[in-house]
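Just my_file.cif here, mmCIF, C-alpha atoms and all ligand atoms:
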```
data_run
loop_
_atom_site.label_atom_id
_atom_site.label_comp_id
_atom_site.auth_asym_id
_atom_site.auth_seq_id
_atom_site.Cartn_x
_atom_site.Cartn_y
_atom_site.Cartn_z
CA MET A 1 -31.23 8.83 -1.73
CA ASP A 2 -31.01 8.38 -5.52
CA GLN A 3 -34.79 7.97 -5.75
CA ARG A 4 -35.40 11.15 -3.78
CA ALA A 5 -32.86 13.08 -5.83
CA ALA A 6 -34.59 11.94 -9.05
CA GLU A 7 -38.01 12.90 -7.68
CA ILE A 8 -36.76 16.35 -6.67
CA SER A 9 -35.40 16.83 -10.18
CA TYR A 10 -38.91 16.09 -11.58
CA GLY A 11 -40.30 18.85 -9.39
CA ILE A 12 -42.34 16.57 -7.11
CA PRO A 13 -43.46 18.47 -3.96
CA ASP A 14 -41.74 17.62 -0.67
CA GLU A 15 -44.70 15.88 0.98
CA LEU A 16 -44.97 13.37 -1.90
CA LEU A 17 -41.30 12.40 -1.98
CA THR A 18 -40.16 8.92 -0.95
CA PRO A 19 -39.60 9.27 2.80
CA ALA A 20 -35.98 9.60 3.93
CA ILE A 21 -34.52 7.21 6.51
CA SER A 22 -32.56 8.63 9.39
CA TRP A 23 -28.97 7.40 9.48
CA THR A 24 -29.16 5.34 12.63
CA MET A 25 -28.79 1.63 13.17
CA TYR A 26 -32.36 1.41 14.50
CA SER A 27 -34.00 2.93 11.49
CA PHE A 28 -31.83 0.81 9.17
CA ARG A 29 -32.94 -2.29 11.04
CA LYS A 30 -36.57 -1.26 10.80
CA ALA A 31 -36.24 -0.67 7.07
CA TRP A 32 -34.44 -3.98 6.64
CA ASN A 33 -37.13 -5.89 8.55
CA GLU A 34 -39.79 -4.37 6.31
CA ALA A 35 -37.89 -5.15 3.11
CA LYS A 36 -36.20 -8.48 3.83
CA ALA A 37 -39.10 -10.77 2.88
CA VAL A 38 -39.00 -9.42 -0.69
CA ALA A 39 -35.36 -8.33 -0.99
CA ALA A 40 -33.80 -11.42 0.60
CA PRO A 41 -36.28 -14.33 0.95
CA TRP A 42 -33.41 -16.47 2.27
CA TRP A 43 -32.87 -14.18 5.27
CA ALA A 44 -34.09 -16.73 7.85
CA GLU A 45 -31.28 -19.15 6.97
CA TYR A 46 -28.68 -16.96 8.69
CA SER A 47 -28.15 -15.31 12.02
CA LYS A 48 -29.79 -11.91 12.36
CA GLU A 49 -26.43 -10.65 13.60
CA ALA A 50 -25.01 -11.01 10.09
CA TYR A 51 -27.42 -8.35 8.87
CA ALA A 52 -27.27 -6.32 12.06
CA SER A 53 -23.47 -5.98 12.00
CA GLY A 54 -23.60 -4.78 8.39
CA LEU A 55 -26.24 -2.17 9.26
CA THR A 56 -24.31 -1.03 12.34
CA GLN A 57 -21.22 -0.56 10.22
CA LEU A 58 -23.23 1.31 7.60
CA ALA A 59 -24.56 3.69 10.24
CA THR A 60 -20.99 4.27 11.50
CA ALA A 61 -19.66 4.77 7.97
CA LEU A 62 -22.35 7.34 7.15
CA LYS A 63 -21.75 9.17 10.41
CA ASN A 64 -18.00 9.26 9.74
CA TRP A 65 -18.61 10.60 6.25
CA ARG A 66 -20.99 13.28 7.48
CA ASP A 67 -18.72 14.32 10.36
CA SER A 68 -15.72 14.38 8.04
CA ARG A 69 -17.54 16.65 5.58
CA SER A 70 -18.78 19.02 8.24
CA GLY A 71 -15.34 19.20 9.85
CA LYS A 72 -16.45 17.52 13.09
CA ARG A 73 -14.10 14.62 12.39
CA THR A 74 -10.43 15.45 11.93
CA GLY A 75 -7.82 13.42 10.11
CA GLN A 76 -7.96 11.99 6.64
CA ALA A 77 -11.14 12.75 4.67
CA VAL A 78 -13.68 9.91 4.83
CA GLY A 79 -15.46 9.01 1.60
CA PHE A 80 -19.07 7.96 1.13
CA PRO A 81 -19.54 4.26 2.02
CA ARG A 82 -19.11 1.86 -0.89
CA PHE A 83 -20.39 -1.63 -1.44
CA LYS A 84 -17.95 -4.33 -0.40
CA LEU A 85 -16.66 -6.97 -2.77
CA LYS A 86 -17.27 -10.43 -1.40
CA ARG A 87 -13.98 -11.78 -2.75
CA LYS A 88 -11.86 -8.88 -1.53
CA THR A 89 -13.20 -7.98 1.88
CA ILE A 90 -12.22 -9.57 5.17
CA LYS A 91 -15.41 -11.36 6.07
CA SER A 92 -16.57 -10.66 9.59
CA CYS A 93 -19.65 -10.64 11.76
CA ARG A 94 -20.25 -9.44 15.31
CA PHE A 95 -22.54 -11.29 17.73
CA THR A 96 -23.94 -9.12 20.50
CA THR A 97 -26.90 -11.19 21.74
CA GLY A 98 -27.59 -14.86 22.41
CA THR A 99 -25.42 -17.53 23.99
CA ILE A 100 -21.78 -16.50 23.65
CA GLY A 101 -19.01 -18.18 25.58
CA CYS A 102 -15.93 -20.33 25.52
CA ASP A 103 -14.04 -22.95 27.46
CA ASP A 104 -10.48 -24.13 26.92
CA ARG A 105 -11.37 -26.08 23.76
CA TYR A 106 -14.54 -24.67 22.27
CA ALA A 107 -16.17 -21.35 21.49
CA VAL A 108 -19.96 -21.17 21.64
CA LEU A 109 -21.68 -18.81 19.25
CA PRO A 110 -25.37 -18.18 18.52
CA ARG A 111 -26.71 -20.09 15.49
CA ILE A 112 -23.26 -21.57 14.77
CA GLY A 113 -22.95 -23.58 17.97
CA ARG A 114 -19.78 -25.08 19.40
CA VAL A 115 -16.61 -24.54 17.39
CA ARG A 116 -13.32 -26.29 18.17
CA LEU A 117 -10.48 -23.83 18.90
CA HIS A 118 -6.86 -24.20 17.84
CA GLU A 119 -5.60 -22.04 20.67
CA THR A 120 -6.41 -21.90 24.36
CA PRO A 121 -8.18 -18.61 25.16
CA ALA A 122 -6.74 -16.13 27.66
CA SER A 123 -7.06 -17.27 31.24
CA LYS A 124 -9.32 -14.38 32.23
CA LEU A 125 -11.93 -15.75 29.82
CA LEU A 126 -11.78 -19.16 31.45
CA ASP A 127 -11.71 -18.28 35.16
CA GLY A 128 -14.66 -15.92 34.87
CA THR A 129 -12.87 -12.68 35.78
CA ALA A 130 -13.90 -11.20 32.43
CA ARG A 131 -17.53 -11.06 31.31
CA ILE A 132 -18.07 -11.59 27.60
CA MET A 133 -20.08 -8.79 25.99
CA ALA A 134 -19.77 -9.67 22.30
CA ALA A 135 -17.94 -11.98 19.91
CA THR A 136 -16.60 -11.11 16.47
CA ILE A 137 -15.77 -13.77 13.93
CA ARG A 138 -13.45 -12.99 11.07
CA PHE A 139 -11.96 -14.86 8.13
CA GLU A 140 -8.43 -13.73 7.39
CA ARG A 141 -5.37 -15.25 5.68
CA GLY A 142 -7.21 -18.53 5.26
CA ARG A 143 -8.22 -18.94 8.89
CA TRP A 144 -11.29 -18.22 10.99
CA PHE A 145 -10.81 -16.16 14.12
CA VAL A 146 -13.07 -15.34 17.01
CA SER A 147 -12.38 -12.42 19.33
CA PHE A 148 -14.34 -11.51 22.43
CA THR A 149 -15.19 -8.08 23.76
CA VAL A 150 -15.04 -8.38 27.54
CA GLU A 151 -15.82 -6.33 30.60
CA GLN A 152 -13.47 -6.71 33.50
CA ASN A 153 -12.70 -4.96 36.76
CA MET A 154 -9.29 -3.34 36.56
CA HIS A 155 -7.27 -3.01 39.73
CA ALA A 156 -5.52 0.29 40.27
CA GLN A 157 -1.89 -0.29 39.35
CA ALA A 158 1.27 1.70 39.49
CA PRO A 159 4.34 1.38 37.30
CA ASN A 160 7.54 0.14 38.96
CA ARG A 161 9.02 3.63 38.85
CA PRO A 162 6.15 6.16 38.88
CA GLU A 163 8.51 9.15 38.94
CA ALA A 164 10.62 8.00 35.99
CA VAL A 165 10.28 9.86 32.69
CA VAL A 166 11.44 8.31 29.43
CA GLY A 167 11.57 9.49 25.85
CA LEU A 168 11.08 6.91 23.10
CA ASP A 169 12.60 7.53 19.72
CA LEU A 170 11.16 5.00 17.33
CA GLY A 171 13.51 4.14 14.53
CA ILE A 172 14.31 1.63 11.85
CA LYS A 173 17.84 0.65 12.72
CA SER A 174 16.75 -0.08 16.25
CA LEU A 175 13.09 -0.42 17.11
CA ALA A 176 13.35 2.19 19.84
CA ILE A 177 15.87 4.18 21.81
CA VAL A 178 14.67 4.55 25.38
CA ALA A 179 16.22 7.56 27.12
CA GLU A 180 15.47 8.09 30.79
CA SER A 181 15.46 11.63 32.10
CA GLY A 182 18.11 10.55 34.61
CA GLY A 183 20.53 9.78 31.80
CA ALA A 184 20.27 5.99 31.39
CA LEU A 185 19.87 4.79 27.85
CA LEU A 186 18.58 1.56 26.36
CA THR A 187 18.50 0.39 22.78
CA VAL A 188 15.83 -2.07 21.70
CA PRO A 189 16.98 -3.80 18.52
CA ASN A 190 14.57 -4.03 15.60
CA PRO A 191 13.59 -7.67 15.15
CA LYS A 192 12.94 -7.16 11.39
CA HIS A 193 10.65 -10.15 11.14
CA LEU A 194 9.51 -9.41 7.62
CA GLU A 195 13.04 -9.06 6.30
CA ALA A 196 13.99 -12.39 7.77
CA SER A 197 11.19 -14.08 5.86
CA LEU A 198 11.45 -12.03 2.69
CA ARG A 199 13.46 -14.55 0.67
CA LYS A 200 11.10 -17.34 1.54
CA LEU A 201 8.14 -15.09 0.77
CA GLY A 202 9.61 -14.17 -2.60
CA ARG A 203 10.10 -17.79 -3.54
CA LEU A 204 6.55 -18.73 -2.56
CA SER A 205 5.10 -15.64 -4.26
CA ARG A 206 6.78 -16.59 -7.54
CA ARG A 207 5.31 -20.04 -7.23
CA VAL A 208 1.84 -18.58 -6.67
CA ALA A 209 2.24 -16.21 -9.62
CA LEU A 210 3.05 -19.06 -12.00
CA ARG A 211 -0.09 -21.02 -11.22
CA VAL A 212 -3.67 -20.41 -12.33
CA GLY A 213 -5.30 -18.19 -9.74
CA PRO A 214 -8.49 -16.14 -9.70
CA ASP A 215 -8.58 -13.16 -12.08
CA SER A 216 -9.43 -9.68 -10.89
CA ARG A 217 -13.11 -10.05 -11.81
CA GLY A 218 -13.42 -13.27 -9.84
CA ASP A 219 -14.71 -15.22 -12.85
CA ARG A 220 -11.84 -17.68 -13.14
CA VAL A 221 -11.81 -20.59 -10.72
CA PRO A 222 -8.39 -20.92 -9.06
CA SER A 223 -6.62 -24.24 -9.54
CA LYS A 224 -5.91 -26.62 -6.69
CA ARG A 225 -2.19 -26.06 -7.20
CA TRP A 226 -2.69 -22.30 -6.86
CA LYS A 227 -4.72 -22.73 -3.69
CA ARG A 228 -2.06 -24.97 -2.19
CA ALA A 229 0.76 -22.55 -3.04
CA ASN A 230 -1.28 -19.59 -1.81
CA ALA A 231 -1.92 -21.32 1.50
CA GLN A 232 1.84 -21.86 1.89
CA ARG A 233 2.48 -18.19 1.23
CA ASN A 234 -0.27 -17.14 3.63
CA ARG A 235 1.37 -19.16 6.39
CA VAL A 236 4.55 -17.09 6.06
CA HIS A 237 2.61 -13.81 6.13
CA TYR A 238 0.74 -15.09 9.11
CA ARG A 239 3.90 -16.01 10.99
CA VAL A 240 5.50 -12.62 10.33
CA ALA A 241 2.38 -10.82 11.52
CA TYR A 242 2.34 -12.78 14.76
CA GLN A 243 6.06 -12.40 15.42
CA ARG A 244 5.63 -8.66 15.02
CA ALA A 245 2.55 -8.47 17.23
CA ASP A 246 4.28 -10.50 19.92
CA ALA A 247 7.43 -8.36 19.92
CA LEU A 248 5.47 -5.09 20.02
CA HIS A 249 3.25 -6.25 22.87
CA LYS A 250 6.23 -7.39 24.94
CA PHE A 251 7.98 -4.07 24.36
CA THR A 252 4.98 -1.83 25.16
CA THR A 253 3.99 -3.91 28.20
CA ALA A 254 7.52 -3.62 29.59
CA VAL A 255 7.69 0.15 29.00
CA ALA A 256 4.23 0.86 30.44
CA GLY A 257 4.92 -1.33 33.46
CA GLU A 258 8.22 0.33 34.26
CA TYR A 259 7.91 4.10 33.77
CA GLY A 260 5.45 6.67 35.05
CA THR A 261 5.68 9.00 32.07
CA VAL A 262 6.39 7.92 28.51
CA VAL A 263 7.00 10.47 25.78
CA VAL A 264 6.65 9.57 22.11
CA GLU A 265 6.64 11.54 18.93
CA ASP A 266 3.51 12.05 16.87
CA LEU A 267 4.97 10.51 13.74
CA ASN A 268 3.20 11.00 10.46
CA VAL A 269 3.13 7.28 9.68
CA VAL A 270 0.85 7.57 6.65
CA GLY A 271 3.17 10.18 5.18
CA MET A 272 6.27 8.15 5.99
CA LEU A 273 4.82 5.07 4.30
CA LYS A 274 4.71 7.09 1.09
CA ASN A 275 8.49 7.05 1.03
CA ARG A 276 8.85 3.85 -0.93
CA GLN A 277 12.39 3.20 0.19
CA LEU A 278 11.36 3.20 3.82
CA ALA A 279 7.75 1.96 3.59
CA ARG A 280 8.36 -1.74 4.06
CA ARG A 281 10.62 -1.31 7.05
CA ILE A 282 8.42 1.31 8.71
CA GLY A 283 5.41 -0.93 8.22
CA ASP A 284 7.38 -3.81 9.67
CA ALA A 285 8.38 -1.81 12.72
CA GLY A 286 4.74 -0.93 13.44
CA PHE A 287 5.18 2.65 14.71
CA GLY A 288 1.50 3.47 14.78
CA GLU A 289 0.72 0.29 16.67
CA ILE A 290 3.35 1.03 19.33
CA ARG A 291 1.72 4.34 20.12
CA ARG A 292 -1.78 2.83 20.18
CA GLN A 293 -0.69 0.13 22.62
CA LEU A 294 1.23 2.56 24.81
CA ARG A 295 -1.82 4.77 25.09
CA TYR A 296 -4.03 2.15 26.71
CA LYS A 297 -1.29 0.29 28.56
CA THR A 298 0.01 3.40 30.31
CA GLU A 299 -3.58 4.14 31.32
CA TRP A 300 -4.07 0.62 32.69
CA ASN A 301 -0.82 0.84 34.62
CA GLY A 302 -1.52 4.24 36.09
CA GLY A 303 1.15 5.91 33.97
CA ARG A 304 0.97 8.76 31.50
CA LEU A 305 1.65 8.97 27.79
CA VAL A 306 2.78 12.30 26.39
CA VAL A 307 2.63 12.70 22.62
CA ALA A 308 4.96 15.41 21.38
CA ASP A 309 3.61 17.57 18.62
CA ARG A 310 4.36 16.53 15.04
CA TRP A 311 6.43 19.67 14.53
CA PHE A 312 8.45 19.36 17.71
CA PRO A 313 12.07 19.37 16.46
CA SER A 314 13.23 16.36 18.46
CA SER A 315 16.02 15.47 16.04
CA LYS A 316 17.17 19.02 15.29
CA THR A 317 17.41 20.20 18.88
CA CYS A 318 20.63 19.80 20.84
CA SER A 319 19.89 17.82 24.01
CA GLY A 320 22.85 19.50 25.68
CA CYS A 321 22.26 23.21 25.17
CA GLY A 322 18.85 23.42 23.49
CA VAL A 323 19.99 25.07 20.26
CA VAL A 324 17.82 24.11 17.28
CA LYS A 325 19.53 23.37 13.98
CA ALA A 326 17.92 24.75 10.85
CA LYS A 327 18.66 21.64 8.87
CA LEU A 328 19.56 18.05 9.62
CA LEU A 329 19.88 15.60 6.76
CA LEU A 330 18.45 12.11 7.15
CA SER A 331 21.90 10.79 6.25
CA GLU A 332 23.54 12.52 9.22
CA ARG A 333 23.49 9.71 11.74
CA ASP A 334 25.33 11.67 14.44
CA TYR A 335 24.18 14.95 15.89
CA ALA A 336 27.01 17.45 16.19
CA CYS A 337 26.21 20.71 17.96
CA GLU A 338 28.06 23.79 16.73
CA SER A 339 27.43 25.81 19.86
CA CYS A 340 28.35 23.44 22.67
CA GLY A 341 30.33 20.79 20.80
CA LEU A 342 28.10 17.89 21.77
CA VAL A 343 28.40 14.86 19.49
CA MET A 344 25.80 12.18 20.00
CA ASP A 345 23.97 9.49 18.06
CA ARG A 346 21.07 11.13 16.24
CA ASP A 347 18.36 8.88 17.67
CA GLU A 348 19.74 9.07 21.19
CA ASN A 349 19.70 12.86 20.97
CA ALA A 350 16.04 12.77 19.85
CA ALA A 351 15.04 10.40 22.64
CA ARG A 352 16.75 12.62 25.23
CA ASN A 353 14.88 15.66 23.90
CA LEU A 354 11.58 13.84 24.21
CA ALA A 355 12.31 12.84 27.81
CA ALA A 356 13.29 16.43 28.63
CA LEU A 357 10.05 17.65 27.06
CA ALA A 358 7.91 15.81 29.61
CA VAL A 359 10.09 16.87 32.52
CA ALA A 360 9.56 20.50 31.52
CA ALA A 361 5.88 20.24 30.66
CA SER A 362 2.94 20.04 32.99
CA GLY A 363 0.27 17.37 32.62
CA ALA A 364 -0.79 18.34 29.11
CA GLU A 365 -1.62 15.32 26.92
CA THR A 366 -0.42 16.76 23.65
CA LEU A 367 1.99 19.63 23.59
CA ASN A 368 1.70 22.17 20.88
CA GLY A 369 4.71 22.92 18.74
CA ARG A 370 5.53 26.39 19.89
CA GLY A 371 4.99 25.72 23.59
CA ALA A 372 6.95 22.53 23.35
CA ASP A 373 9.80 24.36 21.72
CA GLN A 374 10.14 26.86 24.52
CA LYS A 375 9.75 24.23 27.19
CA THR A 376 12.50 22.16 25.64
CA ARG A 377 14.91 25.00 25.82
CA ALA A 378 14.20 25.33 29.50
CA ALA A 379 14.68 21.59 29.89
CA GLY A 380 17.89 21.73 27.91
CA GLN A 381 19.45 23.81 30.63
CA VAL A 382 18.64 21.07 33.10
CA ALA A 383 20.17 18.50 30.82
CA VAL A 384 23.50 20.35 30.65
CA LYS A 385 24.35 19.26 34.17
CA ARG A 386 24.62 15.72 32.93
CA LEU A 387 27.70 14.68 30.98
CA PRO A 388 26.49 13.98 27.46
CA GLY A 389 27.00 10.39 26.36
CA SER A 390 28.52 9.40 29.68
CA PRO A 391 28.21 5.71 30.54
CA GLU A 392 26.18 6.35 33.70
CA CYS A 393 23.67 3.67 32.79
CA GLU A 394 21.58 1.40 34.92
CA THR A 395 21.15 -2.13 33.71
CA GLY A 396 18.32 -2.98 36.09
CA THR A 397 15.57 -2.06 33.66
CA ALA A 398 13.59 -5.10 32.60
CA LEU A 399 13.03 -4.47 28.92
CA PRO A 400 13.18 -7.68 26.91
CA GLY A 401 15.91 -7.73 24.32
CA ALA A 402 17.10 -4.26 25.27
CA VAL A 403 20.79 -3.53 25.20
CA SER A 404 22.18 -1.13 27.71
CA VAL A 405 24.50 1.38 26.08
ZN ZN B 1 24.51 22.04 21.94
#
```

Take the structure in this file and express it as C-alpha cells.
Amino acid sequence: MDQRAAEISYGIPDELLTPAISWTMYSFRKAWNEAKAVAAPWWAEYSKEAYASGLTQLATALKNWRDSRSGKRTGQAVGFPRFKLKRKTIKSCRFTTGTIGCDDRYAVLPRIGRVRLHETPASKLLDGTARIMAATIRFERGRWFVSFTVEQNMHAQAPNRPEAVVGLDLGIKSLAIVAESGGALLTVPNPKHLEASLRKLGRLSRRVALRVGPDSRGDRVPSKRWKRANAQRNRVHYRVAYQRADALHKFTTAVAGEYGTVVVEDLNVVGMLKNRQLARRIGDAGFGEIRRQLRYKTEWNGGRLVVADRWFPSSKTCSGCGVVKAKLLLSERDYACESCGLVMDRDENAARNLAALAVAASGAETLNGRGADQKTRAAGQVAVKRLPGSPECETGTALPGAVSV
C-alpha cells in the first residue's frame, strides 16, 4: 500500500503501478507463497499453519477496519492492523488441517506431535460424540493451552420451567439478583475471587518489582529470581481467573437450565470500567461474560434471552406502579416510590422491572428504549397485584450458592 501510494504521488499511470492484493486470506497466502523463499528462507522449519493463522487474522483485521470505517460494523471504532510485539502478545496458532486429536493423556497436533496434557479433556472429546474441526494452541500466563473447535449434534432441550420469566440484575454487592415474574426472589452472592487474593497478589507483585526484570524495550535479560517471583505471581492470577470462570459458568448454566426466558440489561461495561473506583470489582464480576454465556446457553437449552435496551430505566422505574423517577443517586440503595409508597431494595426493584419487561413484550430480541418504557408501564399494572417485598418465595430453584430472600 505504501509503495502504491508513493508511485501515485510520482504520477505513475495506473497500469504501471505495483499491483494491489485483494484483502482475502487466499490472496495473502498466494502472495506469501511467492515471497517466502526470499523473505523467510527458514519457512520450512515450521508448520504452515503458523503463517496461515497470521494471514487469516490479518484478513479479518483488515475487513473489520474497512467495515468499521464504512459504518457496516457497529460498536467501537476499529483501527488499522498493527504489527504485534513478540514479547507482549499472547502467542497463538490455529491448526485446521492435518492429524488433530486427543485422548485422556495426550493431544496430537500436526508437526508438533504428541503432547502430554495436565488436564483430562472433556468427555465428549474422548467418547467421540464431538468431532474435532480445529485446534488452537496458546501461551498465556506461563502455560501452554490447547483448545479444540468441535462439531457436535445438539439434542433439542427444554429448560425445567419453560414458562418462567426471570429478570437478572447484575450487581457488585451480590453477583446477581434473580427476580421471577411470579414474585420469587433469589440473591446470588458475589464470590469476589480477586479481592480474596489481592493481599497475596500485592505481596508477590512487590517482590517482582524489586527484582531485575525485562525493560520495556525487551533488551534487558530478566534475572532468574525475577522469573521465579513472576511465576509465583502468575499462579495467583491464574487461580483467580479460573475461580471466576468456574463460578460464572455454574451460575449461567443453572439459570439457562431453569428458566424459559431470561432478561438482562445491556450494560455499558466498557464505560463502567472507566469508573476507576468500580473498575476492579466490575471486571472481577465479569458482567460482559455473563451475558455472552447466557446468550448461547439459553439457545442450547431452548430458552430465550431478552436484552433490555441500554436506556431502559430499570433502576428508576417503580416495579409496583410503573412511575419513573427523574433521578436516582447511586448511593440510594433502597428504592422509595413517592406515588405508591413502595420501598424496596434498589437491585431487587431493577430485577423485577426486567422480569416484567419480558412478560409485557413479545418475542423481540432487543427492546428499544421507548417501546420498552411503555411496555413496562403496562407490566407494572400487572405487578401491582402482587404484594411488594412479600416473602412468597420458592426455595426449590436449583441455583448454586443462591440465597432465597
Ligand atoms: Zn410506585

Discussion item. Neighbouring residues of ligand ZN 1 (chain B) are defined here as those with any atom at most 7 Å from a ligand atom, counting only C-alpha atoms and all ligand atoms; list them as a list of chain:residue names.
Written reply: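 Checked against 7 Å with only C-alpha atoms and all ligand atoms; the hits are A:Cys318, A:Ser319, A:Gly320, A:Cys321, A:Gly322, A:Val323, A:Cys337, A:Glu338, A:Ser339, A:Cys340, A:Gly341, A:Leu342.
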
Worksheet item: Quick one: distance from atom CA of Leu126 of chain A to atom CA of Met154 of chain A in Å, one decimal?
Response: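 Separating atom CA of Leu126 of chain A from atom CA of Met154 of chain A is a distance of 16.8 Å.
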
Discussion item. Report as a PyMOL selection string all protein, DNA and RNA residues lying within 10 Å of segment 96-101 of chain A, evaluated on only C-alpha atoms, omitting residues in the same chain fewer than 2 positions from it.
Written reply: chain A and resi 48-49+52-53+93-94+103+106-111+113-114+125-126+131-136+148-149

Fill in: Nearest candidate to Leu58 of chain A (options A:Val255, A:Arg29, A:Ala358, A:Gly288; using all atoms listed in the file)
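Residue with the minimum atom-to-atom distance to Leu58 of chain A: A:Arg29.
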
Item to complete: Might you pull out every residue within 12 Å of Thr74 of chain A, with all atoms listed in the file counted and same-chain residues fewer than 6 positions away left off, and present them as a PyMOL selection string?
Response: chain A and resi 64-68

Residues of the last selection are to be written out with C-alpha atoms, as a PDB file, in the frame of the given file.
```pdb
ATOM      1  CA  ASN A  64     -18.000   9.260   9.740  1.00  0.00           C
ATOM      2  CA  TRP A  65     -18.610  10.600   6.250  1.00  0.00           C
ATOM      3  CA  ARG A  66     -20.990  13.280   7.480  1.00  0.00           C
ATOM      4  CA  ASP A  67     -18.720  14.320  10.360  1.00  0.00           C
ATOM      5  CA  SER A  68     -15.720  14.380   8.040  1.00  0.00           C
TER       6      SER A  68
END
```

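Take the candidates A:Gly128, A:Pro13, A:Pro313, A:Gly171 and check each one against Glu151 of chain A using only C-alpha atoms; the shortest distance goes to A:Gly128.
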
Practice prompt. Show which residues sit within 9 Å of Gln157 of chain A, as an MDAnalysis selection string. Count only C-alpha atoms, and ignore same-chain residues fewer than 6 positions away.
Written response: chainID A and resid 300:303

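The closest residue to Ile112 of chain A, picked from A:Tyr46, A:Asn160, A:Asp309, A:Val221 and counting only C-alpha atoms, is A:Tyr46.
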
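Minimum atom-to-atom distances from A:Val166, A:Val212, A:Ala308, A:Val38 to Ala184 of chain A were compared using only C-alpha atoms, and the lowest value belongs to A:Val166.
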
Practice prompt. Using atom CA of Val359 of chain A and atom CA of Phe251 of chain A as the two end points, give the distance in Å to one decimal.
Written response: 22.6 Å

Worksheet entry | Point-to-point distance in Å for atom CA of Phe28 of chain A and atom CA of Ala59 of chain A | 7.9 Å

Worksheet item: At a cut-off of 12 Å from (20.4, 9.3, 6.9) in the coordinates of the file, what residues are picked up using all atoms listed in the file, written as a list of chain:residue names?
Response: A:Gly171, A:Ile172, A:Lys173, A:Leu278, A:Ser315, A:Leu328, A:Leu329, A:Leu330, A:Ser331, A:Glu332, A:Arg333, A:Asp334, A:Tyr335, A:Asp345, A:Arg346, A:Asp347

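Among the candidates A:Leu305, A:Leu357, A:Ala164, A:Leu17, the one nearest to Thr317 of chain A when counting only C-alpha atoms is A:Leu357.
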
Box centre and edge lengths (Å, one decimal), axis-aligned, segment 105-122 of chain A plus 6 Å each side, as AutoDock Vina command-line options:
```
--center_x -16.2 --center_y -21.2 --center_z 21.2 --size_x 33.1 --size_y 22.2 --size_z 24.9
```

Discussion item. I'd like the contact shell of Ala351 of chain A - 9 Å cut-off, all atoms listed in the file, skipping same-chain residues fewer than 5 positions apart - returned as JSON, numbers by chain.
Written reply: {"A": [166, 167, 168, 169, 170, 176, 177, 178, 179, 180, 263, 264, 314, 315, 319, 346, 356]}

Proximity check segment 110-191 of chain A to segment 243-249 of chain A, 10 Å, nearest pairs one decimal Å, all atoms listed in the file, as a tab-separated table:
```
residue	atom	partner	partner_atom	distance
A:Leu175	CA	A:Leu248	CA	9.4
A:Asn190	CA	A:Ala247	CA	9.4
A:Pro191	CA	A:Ala247	CA	7.8
```

Using the selection just defined, write its residues with C-alpha atoms as a PDB file, in the coordinates of the input.
```pdb
ATOM      1  CA  LEU A 175      13.090  -0.420  17.110  1.00  0.00           C
ATOM      2  CA  ASN A 190      14.570  -4.030  15.600  1.00  0.00           C
ATOM      3  CA  PRO A 191      13.590  -7.670  15.150  1.00  0.00           C
TER       4      PRO A 191
END
```

Worksheet item: For Ile137 of chain A, which residue out of A:Val150, A:Arg207, A:Phe312, A:Ser92 is the nearest one, using all atoms listed in the file?
Response: A:Ser92
